[in-house]
$ cat query.txt   # compact mmCIF, C-alpha atoms
# COMPACT_ATOMS: atom_id res chain seq x y z
CA MET A 1 -24.82 -64.47 80.07
CA SER A 2 -26.24 -61.18 78.85
CA ILE A 3 -24.25 -57.97 78.48
CA SER A 4 -26.17 -56.44 81.39
CA GLY A 5 -24.53 -58.97 83.74
CA TRP A 6 -20.93 -57.76 83.10
CA LYS A 7 -19.13 -55.29 85.35
CA ASN A 8 -17.43 -52.12 84.17
CA LEU A 9 -13.85 -51.45 85.24
CA ASP A 10 -15.26 -49.36 88.10
CA GLY A 11 -16.71 -52.52 89.73
CA LYS A 12 -20.42 -51.83 89.24
CA TRP A 13 -21.07 -54.86 87.02
CA ASP A 14 -19.55 -58.31 87.04
CA SER A 15 -16.51 -58.19 84.69
CA GLY A 16 -14.57 -61.02 86.29
CA LEU A 17 -11.56 -58.71 86.93
CA ASP A 18 -10.45 -58.11 90.48
CA GLY A 19 -8.81 -54.84 91.58
CA GLU A 20 -5.24 -55.92 90.82
CA MET A 21 -6.18 -57.19 87.35
CA LYS A 22 -7.90 -53.88 86.55
CA ILE A 23 -4.79 -51.93 87.58
CA ARG A 24 -2.58 -54.17 85.43
CA LEU A 25 -4.91 -53.74 82.45
CA ILE A 26 -4.89 -49.96 82.83
CA LEU A 27 -1.05 -49.92 83.13
CA ILE A 28 -0.62 -52.09 80.04
CA VAL A 29 -2.94 -49.88 78.01
CA CYS A 30 -1.04 -46.77 79.19
CA LEU A 31 2.33 -48.35 78.38
CA VAL A 32 1.18 -49.06 74.83
CA VAL A 33 -0.74 -45.85 74.12
CA LEU A 34 1.66 -43.35 75.72
CA PRO A 35 4.71 -44.24 73.59
CA LEU A 36 2.57 -44.18 70.45
CA ALA A 37 1.28 -40.72 71.36
CA ILE A 38 4.83 -39.49 71.99
CA VAL A 39 6.22 -40.92 68.73
CA CYS A 40 3.41 -39.38 66.70
CA ASN A 41 4.14 -35.92 68.15
CA PHE A 42 7.92 -35.81 67.61
CA ALA A 43 9.36 -32.94 65.63
CA PRO A 44 10.32 -33.75 62.03
CA THR A 45 13.40 -35.91 61.67
CA ALA A 46 16.65 -34.75 60.13
CA GLN A 47 15.64 -36.68 57.00
CA ALA A 48 12.39 -34.71 56.76
CA ALA A 49 14.34 -31.46 57.16
CA ASP A 50 16.76 -32.55 54.41
CA GLU A 51 13.85 -33.49 52.14
CA LYS A 52 12.35 -30.03 52.65
CA ALA A 53 15.74 -28.41 51.98
CA VAL A 54 16.10 -30.30 48.68
CA ARG A 55 12.54 -29.48 47.62
CA ASP A 56 13.13 -25.82 48.47
CA ALA A 57 16.43 -25.78 46.55
CA ASP A 58 14.78 -27.34 43.50
CA ALA A 59 11.95 -24.78 43.64
CA ALA A 60 14.46 -21.92 43.94
CA TRP A 61 16.37 -23.37 40.98
CA SER A 62 13.21 -23.44 38.85
CA LYS A 63 12.47 -19.85 39.87
CA ALA A 64 16.01 -18.75 38.87
CA ALA A 65 15.70 -20.45 35.47
CA GLY A 66 12.24 -18.91 34.97
CA ALA A 67 13.76 -15.49 35.70
CA LYS A 68 16.49 -16.28 33.13
CA ASP A 69 19.19 -15.73 35.75
CA LEU A 70 22.00 -17.74 34.15
CA ASP A 71 24.52 -17.39 37.00
CA LYS A 72 21.99 -18.42 39.65
CA THR A 73 20.66 -21.29 37.51
CA VAL A 74 24.11 -22.80 36.98
CA SER A 75 25.03 -22.32 40.66
CA PHE A 76 22.72 -25.19 41.69
CA TYR A 77 25.03 -27.75 40.05
CA ALA A 78 27.82 -29.57 41.88
CA ASP A 79 31.34 -28.97 40.56
CA ASP A 80 31.42 -32.52 39.15
CA ALA A 81 27.85 -32.51 37.80
CA ILE A 82 26.70 -34.27 34.66
CA VAL A 83 23.75 -32.96 32.66
CA LEU A 84 22.02 -35.24 30.17
CA PRO A 85 19.81 -33.04 27.95
CA PRO A 86 17.39 -34.52 25.43
CA ASN A 87 18.80 -35.04 21.94
CA GLY A 88 22.25 -33.88 22.98
CA THR A 89 25.55 -35.02 24.38
CA ALA A 90 26.30 -35.23 28.08
CA LYS A 91 27.63 -32.02 29.60
CA THR A 92 30.31 -32.66 32.22
CA THR A 93 32.08 -29.33 32.69
CA LYS A 94 30.88 -26.08 34.22
CA ASP A 95 31.50 -24.31 30.89
CA ALA A 96 29.49 -26.89 28.92
CA ILE A 97 26.63 -26.76 31.45
CA ARG A 98 26.66 -22.96 31.35
CA ALA A 99 26.57 -22.97 27.53
CA LEU A 100 23.65 -25.42 27.56
CA TRP A 101 21.64 -23.24 29.93
CA LYS A 102 22.57 -20.06 28.06
CA ASP A 103 21.14 -21.56 24.86
CA LEU A 104 18.08 -22.97 26.66
CA ILE A 105 17.23 -19.75 28.50
CA GLY A 106 17.73 -17.77 25.30
CA SER A 107 15.36 -20.01 23.34
CA VAL A 108 12.38 -19.93 25.73
CA THR A 109 9.91 -17.36 26.97
CA SER A 110 9.18 -19.44 30.07
CA VAL A 111 10.51 -22.51 31.85
CA SER A 112 9.52 -24.09 35.15
CA TRP A 113 9.51 -27.43 36.90
CA THR A 114 7.99 -28.97 40.01
CA ALA A 115 9.22 -31.93 42.02
CA THR A 116 6.52 -34.55 42.51
CA ARG A 117 8.64 -37.15 44.30
CA VAL A 118 11.66 -36.96 46.58
CA GLU A 119 13.50 -40.03 47.81
CA MET A 120 16.17 -39.54 50.46
CA ALA A 121 19.11 -41.89 50.95
CA LYS A 122 19.32 -43.39 54.43
CA SER A 123 22.79 -41.86 54.72
CA GLY A 124 21.18 -38.41 54.49
CA ASP A 125 23.69 -37.10 51.93
CA MET A 126 21.88 -37.92 48.69
CA ALA A 127 18.39 -37.41 47.27
CA CYS A 128 16.62 -38.32 44.05
CA LEU A 129 13.97 -35.93 42.76
CA SER A 130 11.59 -36.50 39.91
CA GLY A 131 8.88 -34.28 38.59
CA THR A 132 7.42 -32.46 35.64
CA TYR A 133 8.52 -29.45 33.60
CA GLU A 134 6.87 -27.01 31.21
CA LEU A 135 8.44 -24.58 28.81
CA THR A 136 7.39 -22.29 26.00
CA MET A 137 9.78 -21.65 23.14
CA ASN A 138 10.28 -18.18 21.66
CA ASP A 139 8.17 -19.22 18.63
CA GLY A 140 5.24 -20.15 20.93
CA THR A 141 5.78 -23.91 20.80
CA LYS A 142 4.99 -25.48 24.17
CA ASP A 143 6.72 -28.51 25.65
CA HIS A 144 6.15 -30.53 28.79
CA GLY A 145 7.82 -33.59 30.18
CA LYS A 146 9.53 -35.19 33.13
CA TYR A 147 12.88 -34.93 34.82
CA CYS A 148 15.07 -36.75 37.30
CA GLU A 149 17.81 -35.18 39.43
CA VAL A 150 20.27 -36.64 41.89
CA TRP A 151 21.21 -34.16 44.61
CA GLU A 152 24.24 -34.47 46.87
CA LYS A 153 24.85 -32.80 50.21
CA LYS A 154 28.32 -31.28 50.03
CA GLY A 155 29.62 -29.17 52.88
CA GLY A 156 26.11 -28.81 54.29
CA THR A 157 24.74 -27.52 50.96
CA TRP A 158 22.58 -29.44 48.52
CA LYS A 159 23.83 -29.44 44.90
CA CYS A 160 22.53 -31.23 41.82
CA GLY A 161 25.03 -33.86 40.66
CA THR A 162 23.01 -35.47 37.86
CA ASP A 163 20.25 -33.87 35.80
CA ILE A 164 18.23 -35.43 32.98
CA TRP A 165 14.95 -34.46 31.36
CA ASN A 166 12.91 -35.43 28.31
CA SER A 167 9.69 -34.47 26.62
CA ASP A 168 6.33 -36.19 26.87
CA LEU A 169 5.53 -35.03 23.34
CA PRO A 170 6.03 -37.47 20.46
CA ALA A 171 9.32 -37.19 18.61
CA ALA A 172 9.20 -35.34 15.32
CA PRO A 173 9.25 -37.74 12.38
CA ALA A 174 12.57 -38.05 10.60
CA SER A 175 12.58 -36.03 7.42
CA SER A 176 13.19 -37.89 4.21
CA PRO A 177 15.49 -36.48 1.55
CA ALA A 178 13.88 -34.62 -1.31
CA PRO A 179 13.36 -36.70 -4.48
CA GLY A 180 16.56 -36.86 -6.52
CA ALA A 181 18.69 -35.70 -3.58
CA ALA A 182 20.16 -39.12 -2.94
CA GLU A 183 23.93 -39.27 -2.64
CA LYS A 184 25.77 -39.77 -5.87
CA LYS A 185 28.81 -42.02 -5.92

$ encode --input "query.txt" --output "structure tokens"
Amino acid sequence: MSISGWKNLDGKWDSGLDGEMKIRLILIVCLVVLPLAIVCNFAPTAQAADEKAVRDADAAWSKAAGAKDLDKTVSFYADDAIVLPPNGTAKTTKDAIRALWKDLIGSVTSVSWTATRVEMAKSGDMACLSGTYELTMNDGTKDHGKYCEVWEKKGGTWKCGTDIWNSDLPAAPASSPAPGAAEKK
């Protein structure tokens, strides 16, 4: 049978569908397409709103650090935060975190970071951010690397609970002692 011998749904050509079958087909198509159209047009979910809130908080944090605003920079940490800086010990108190940032902000002319990935917990109260950072030291040395943060929603506010970063640059070679400077027993 050639294509020209088939009927359209309007009954002009021979499709083999009677009136009731055409109505059923149209209803089935509508029942499948309509819910898909509705789902695709829903407003963002609470998880999407939380993801945006965490991204915005991280961007504001980077801006505060770039402006060398120590109080604002430290305010993004949770009270029980842990900071794991490169080549240093873990900082677990507000005073230790503040001292770390005071030294860091004082040693750079610029610092910034950008989240490239945000993963939200299904519970909606935790997020993991990772991204890249750049900084320029007071002596002009530039550094860039990656970071990972765990954010917690506490009392409706997002705070960083865990913060770690490290450089993409190769580690400086260990210096060897000067000749004749070996320990004497």

$ axis_aligned_box --input "query.txt" --around "segment 28-33 of chain A" --padding-each-side "3 Å" --output "JSON"
{"center_x": -0.3, "center_y": -49.0, "center_z": 77.1, "size_x": 11.3, "size_y": 12.2, "size_z": 11.9}

$ closest_atom_pairs --input "query.txt" --of "segment 44-95 of chain A" --to "segment 115-134 of chain A" --cutoff "10 Å" --atoms "all atoms listed in the file" --output "Markdown table"
| residue | atom | partner | partner_atom | distance |
| --- | --- | --- | --- | --- |
| A:Ala46 | CA | A:Gly124 | CA | 8.1 |
| A:Gln47 | CA | A:Gly124 | CA | 6.3 |
| A:Ala48 | CA | A:Met120 | CA | 8.8 |
| A:Asp50 | CA | A:Gly124 | CA | 7.3 |
| A:Glu51 | CA | A:Met120 | CA | 6.7 |
| A:Lys52 | CA | A:Val118 | CA | 9.2 |
| A:Val54 | CA | A:Ala127 | CA | 7.6 |
| A:Arg55 | CA | A:Ala115 | CA | 7.0 |
| A:Asp56 | CA | A:Ala115 | CA | 9.7 |
| A:Asp58 | CA | A:Ala115 | CA | 7.4 |
| A:Ala59 | CA | A:Ala115 | CA | 7.8 |
| A:Ser62 | CA | A:Tyr133 | CA | 9.3 |

$ closest_residue --input "query.txt" --among "A:Gly161, A:Pro170, A:Pro35, A:Gly145" --to "Ile82 of chain A" --atoms "all atoms listed in the file"
A:Gly161

$ atom_distance --input "query.txt" --atom1 "atom CA of Lys63 of chain A" --atom2 "atom CA of Ser110 of chain A"
10.3 Å

$ residues_around --input "query.txt" --residues "Asp143 of chain A" --least-positions-apart "6" --cutoff "10 Å" --atoms "all atoms listed in the file" --output "list of chain:residue names"
A:Val111, A:Tyr133, A:Glu134, A:Leu135, A:Thr136, A:Met137, A:Asn166, A:Ser167, A:Asp168, A:Leu169

$ atom_distance --input "query.txt" --atom1 "atom CA of Lys68 of chain A" --atom2 "atom CA of Ile105 of chain A"
5.8 Å

$ residues_around --input "query.txt" --residues "segment 90-94 of chain A" --least-positions-apart "5" --cutoff "9 Å" --atoms "all atoms listed in the file" --output "short mmCIF file (atom, residue, chain, number, x, y, z; two decimals) with C-alpha atoms, keeping the file's coordinate frame"
data_model
loop_
_atom_site.label_atom_id
_atom_site.label_comp_id
_atom_site.auth_asym_id
_atom_site.auth_seq_id
_atom_site.Cartn_x
_atom_site.Cartn_y
_atom_site.Cartn_z
CA VAL A 74 24.11 -22.80 36.98
CA TYR A 77 25.03 -27.75 40.05
CA ALA A 78 27.82 -29.57 41.88
CA ASP A 79 31.34 -28.97 40.56
CA ASP A 80 31.42 -32.52 39.15
CA ALA A 81 27.85 -32.51 37.80
CA ILE A 82 26.70 -34.27 34.66
CA VAL A 83 23.75 -32.96 32.66
CA LEU A 84 22.02 -35.24 30.17
CA PRO A 85 19.81 -33.04 27.95
CA ALA A 99 26.57 -22.97 27.53
CA LEU A 100 23.65 -25.42 27.56
#

$ closest_residue --input "query.txt" --among "A:Thr89, A:Thr114, A:Thr109, A:Thr157" --to "Ser75 of chain A" --atoms "only C-alpha atoms"
A:Thr157

$ closest_residue --input "query.txt" --among "A:Lys72, A:Lys22, A:Arg98, A:Lys146" --to "Ile164 of chain A" --atoms "only C-alpha atoms"
A:Lys146

$ atom_distance --input "query.txt" --atom1 "atom CA of Asp163 of chain A" --atom2 "atom CA of Ile97 of chain A"
10.5 Å

$ closest_residue --input "query.txt" --among "A:Ala67, A:Trp113, A:Trp101, A:Ser175" --to "Cys148 of chain A" --atoms "all atoms listed in the file"
A:Trp113

$ decode --input "query.txt" --residues "segment 12-124 of chain A" --atoms "C-alpha atoms" --output "PDB file, in the first residue's frame"
ATOM      1  CA  LYS A  12      -9.771  12.152   4.491  1.00  0.00           C
ATOM      2  CA  TRP A  13      -7.465   9.196   3.818  1.00  0.00           C
ATOM      3  CA  ASP A  14      -7.674   5.590   4.916  1.00  0.00           C
ATOM      4  CA  SER A  15      -5.777   5.347   8.251  1.00  0.00           C
ATOM      5  CA  GLY A  16      -7.616   2.328   9.614  1.00  0.00           C
ATOM      6  CA  LEU A  17      -8.680   4.294  12.741  1.00  0.00           C
ATOM      7  CA  ASP A  18     -12.357   4.795  13.410  1.00  0.00           C
ATOM      8  CA  GLY A  19     -13.698   7.868  15.241  1.00  0.00           C
ATOM      9  CA  GLU A  20     -13.436   6.381  18.737  1.00  0.00           C
ATOM     10  CA  MET A  21      -9.866   5.192  18.152  1.00  0.00           C
ATOM     11  CA  LYS A  22      -8.846   8.672  16.944  1.00  0.00           C
ATOM     12  CA  ILE A  23     -10.315  10.266  20.081  1.00  0.00           C
ATOM     13  CA  ARG A  24      -8.478   7.770  22.300  1.00  0.00           C
ATOM     14  CA  LEU A  25      -5.204   8.430  20.475  1.00  0.00           C
ATOM     15  CA  ILE A  26      -5.604  12.180  20.876  1.00  0.00           C
ATOM     16  CA  LEU A  27      -6.439  11.785  24.609  1.00  0.00           C
ATOM     17  CA  ILE A  28      -3.428   9.556  25.221  1.00  0.00           C
ATOM     18  CA  VAL A  29      -1.107  11.991  23.476  1.00  0.00           C
ATOM     19  CA  CYS A  30      -2.555  14.878  25.536  1.00  0.00           C
ATOM     20  CA  LEU A  31      -2.224  12.919  28.778  1.00  0.00           C
ATOM     21  CA  VAL A  32       1.456  12.300  28.066  1.00  0.00           C
ATOM     22  CA  VAL A  33       2.418  15.700  26.639  1.00  0.00           C
ATOM     23  CA  LEU A  34       0.477  17.930  29.057  1.00  0.00           C
ATOM     24  CA  PRO A  35       2.165  16.681  32.261  1.00  0.00           C
ATOM     25  CA  LEU A  36       5.575  16.950  30.600  1.00  0.00           C
ATOM     26  CA  ALA A  37       4.835  20.540  29.596  1.00  0.00           C
ATOM     27  CA  ILE A  38       3.708  21.370  33.139  1.00  0.00           C
ATOM     28  CA  VAL A  39       6.750  19.756  34.800  1.00  0.00           C
ATOM     29  CA  CYS A  40       9.140  21.584  32.495  1.00  0.00           C
ATOM     30  CA  ASN A  41       7.591  24.949  33.405  1.00  0.00           C
ATOM     31  CA  PHE A  42       7.592  24.624  37.215  1.00  0.00           C
ATOM     32  CA  ALA A  43       9.336  27.294  39.230  1.00  0.00           C
ATOM     33  CA  PRO A  44      12.774  26.343  40.590  1.00  0.00           C
ATOM     34  CA  THR A  45      12.705  23.838  43.415  1.00  0.00           C
ATOM     35  CA  ALA A  46      13.769  24.605  46.964  1.00  0.00           C
ATOM     36  CA  GLN A  47      17.019  22.771  46.193  1.00  0.00           C
ATOM     37  CA  ALA A  48      17.699  25.097  43.249  1.00  0.00           C
ATOM     38  CA  ALA A  49      17.013  28.104  45.481  1.00  0.00           C
ATOM     39  CA  ASP A  50      19.404  26.726  48.122  1.00  0.00           C
ATOM     40  CA  GLU A  51      22.064  26.098  45.471  1.00  0.00           C
ATOM     41  CA  LYS A  52      21.754  29.707  44.314  1.00  0.00           C
ATOM     42  CA  ALA A  53      21.929  30.928  47.929  1.00  0.00           C
ATOM     43  CA  VAL A  54      25.155  28.972  48.534  1.00  0.00           C
ATOM     44  CA  ARG A  55      26.705  30.176  45.268  1.00  0.00           C
ATOM     45  CA  ASP A  56      25.762  33.760  46.145  1.00  0.00           C
ATOM     46  CA  ALA A  57      27.197  33.402  49.670  1.00  0.00           C
ATOM     47  CA  ASP A  58      30.459  32.010  48.292  1.00  0.00           C
ATOM     48  CA  ALA A  59      30.701  34.869  45.778  1.00  0.00           C
ATOM     49  CA  ALA A  60      30.040  37.430  48.534  1.00  0.00           C
ATOM     50  CA  TRP A  61      32.711  35.746  50.665  1.00  0.00           C
ATOM     51  CA  SER A  62      35.259  36.011  47.839  1.00  0.00           C
ATOM     52  CA  LYS A  63      34.340  39.668  47.382  1.00  0.00           C
ATOM     53  CA  ALA A  64      34.822  40.349  51.123  1.00  0.00           C
ATOM     54  CA  ALA A  65      38.239  38.660  51.104  1.00  0.00           C
ATOM     55  CA  GLY A  66      39.214  40.577  47.950  1.00  0.00           C
ATOM     56  CA  ALA A  67      38.258  43.811  49.731  1.00  0.00           C
ATOM     57  CA  LYS A  68      40.428  42.694  52.680  1.00  0.00           C
ATOM     58  CA  ASP A  69      37.453  42.957  55.039  1.00  0.00           C
ATOM     59  CA  LEU A  70      38.651  40.624  57.795  1.00  0.00           C
ATOM     60  CA  ASP A  71      35.478  40.713  59.918  1.00  0.00           C
ATOM     61  CA  LYS A  72      33.209  40.013  56.941  1.00  0.00           C
ATOM     62  CA  THR A  73      35.536  37.290  55.603  1.00  0.00           C
ATOM     63  CA  VAL A  74      35.583  35.393  58.903  1.00  0.00           C
ATOM     64  CA  SER A  75      31.804  35.801  59.343  1.00  0.00           C
ATOM     65  CA  PHE A  76      31.122  33.223  56.603  1.00  0.00           C
ATOM     66  CA  TYR A  77      32.436  30.396  58.811  1.00  0.00           C
ATOM     67  CA  ALA A  78      30.252  28.299  61.094  1.00  0.00           C
ATOM     68  CA  ASP A  79      31.062  28.476  64.808  1.00  0.00           C
ATOM     69  CA  ASP A  80      32.463  24.927  64.681  1.00  0.00           C
ATOM     70  CA  ALA A  81      34.298  25.332  61.354  1.00  0.00           C
ATOM     71  CA  ILE A  82      37.577  23.673  60.460  1.00  0.00           C
ATOM     72  CA  VAL A  83      39.965  25.295  57.995  1.00  0.00           C
ATOM     73  CA  LEU A  84      42.689  23.198  56.375  1.00  0.00           C
ATOM     74  CA  PRO A  85      45.184  25.607  54.768  1.00  0.00           C
ATOM     75  CA  PRO A  86      48.027  24.390  52.569  1.00  0.00           C
ATOM     76  CA  ASN A  87      51.289  23.670  54.384  1.00  0.00           C
ATOM     77  CA  GLY A  88      49.760  24.448  57.762  1.00  0.00           C
ATOM     78  CA  THR A  89      47.921  22.952  60.683  1.00  0.00           C
ATOM     79  CA  ALA A  90      44.150  22.692  60.884  1.00  0.00           C
ATOM     80  CA  LYS A  91      42.443  25.756  62.342  1.00  0.00           C
ATOM     81  CA  THR A  92      39.477  24.843  64.539  1.00  0.00           C
ATOM     82  CA  THR A  93      38.748  27.951  66.596  1.00  0.00           C
ATOM     83  CA  LYS A  94      37.385  31.337  65.568  1.00  0.00           C
ATOM     84  CA  ASP A  95      40.584  32.984  66.842  1.00  0.00           C
ATOM     85  CA  ALA A  96      42.831  30.630  64.850  1.00  0.00           C
ATOM     86  CA  ILE A  97      40.729  31.107  61.694  1.00  0.00           C
ATOM     87  CA  ARG A  98      40.796  34.877  62.175  1.00  0.00           C
ATOM     88  CA  ALA A  99      44.596  34.841  62.617  1.00  0.00           C
ATOM     89  CA  LEU A 100      44.991  32.734  59.466  1.00  0.00           C
ATOM     90  CA  TRP A 101      42.907  35.153  57.406  1.00  0.00           C
ATOM     91  CA  LYS A 102      44.615  38.191  58.940  1.00  0.00           C
ATOM     92  CA  ASP A 103      47.991  36.826  57.807  1.00  0.00           C
ATOM     93  CA  LEU A 104      46.650  35.798  54.388  1.00  0.00           C
ATOM     94  CA  ILE A 105      44.920  39.107  53.667  1.00  0.00           C
ATOM     95  CA  GLY A 106      48.014  40.986  54.827  1.00  0.00           C
ATOM     96  CA  SER A 107      50.301  39.011  52.512  1.00  0.00           C
ATOM     97  CA  VAL A 108      48.348  39.457  49.260  1.00  0.00           C
ATOM     98  CA  THR A 109      47.451  42.303  46.951  1.00  0.00           C
ATOM     99  CA  SER A 110      44.498  40.347  45.559  1.00  0.00           C
ATOM    100  CA  VAL A 111      42.565  37.168  46.270  1.00  0.00           C
ATOM    101  CA  SER A 112      39.447  35.739  44.653  1.00  0.00           C
ATOM    102  CA  TRP A 113      37.734  32.442  44.026  1.00  0.00           C
ATOM    103  CA  THR A 114      34.877  31.117  41.920  1.00  0.00           C
ATOM    104  CA  ALA A 115      32.726  28.059  42.512  1.00  0.00           C
ATOM    105  CA  THR A 116      32.637  25.769  39.487  1.00  0.00           C
ATOM    106  CA  ARG A 117      30.579  22.965  41.027  1.00  0.00           C
ATOM    107  CA  VAL A 118      27.895  22.839  43.696  1.00  0.00           C
ATOM    108  CA  GLU A 119      26.433  19.587  44.987  1.00  0.00           C
ATOM    109  CA  MET A 120      23.435  19.803  47.303  1.00  0.00           C
ATOM    110  CA  ALA A 121      22.558  17.136  49.851  1.00  0.00           C
ATOM    111  CA  LYS A 122      19.089  15.663  49.404  1.00  0.00           C
ATOM    112  CA  SER A 123      18.305  16.791  52.947  1.00  0.00           C
ATOM    113  CA  GLY A 124      18.742  20.398  51.795  1.00  0.00           C
TER     114      GLY A 124
END
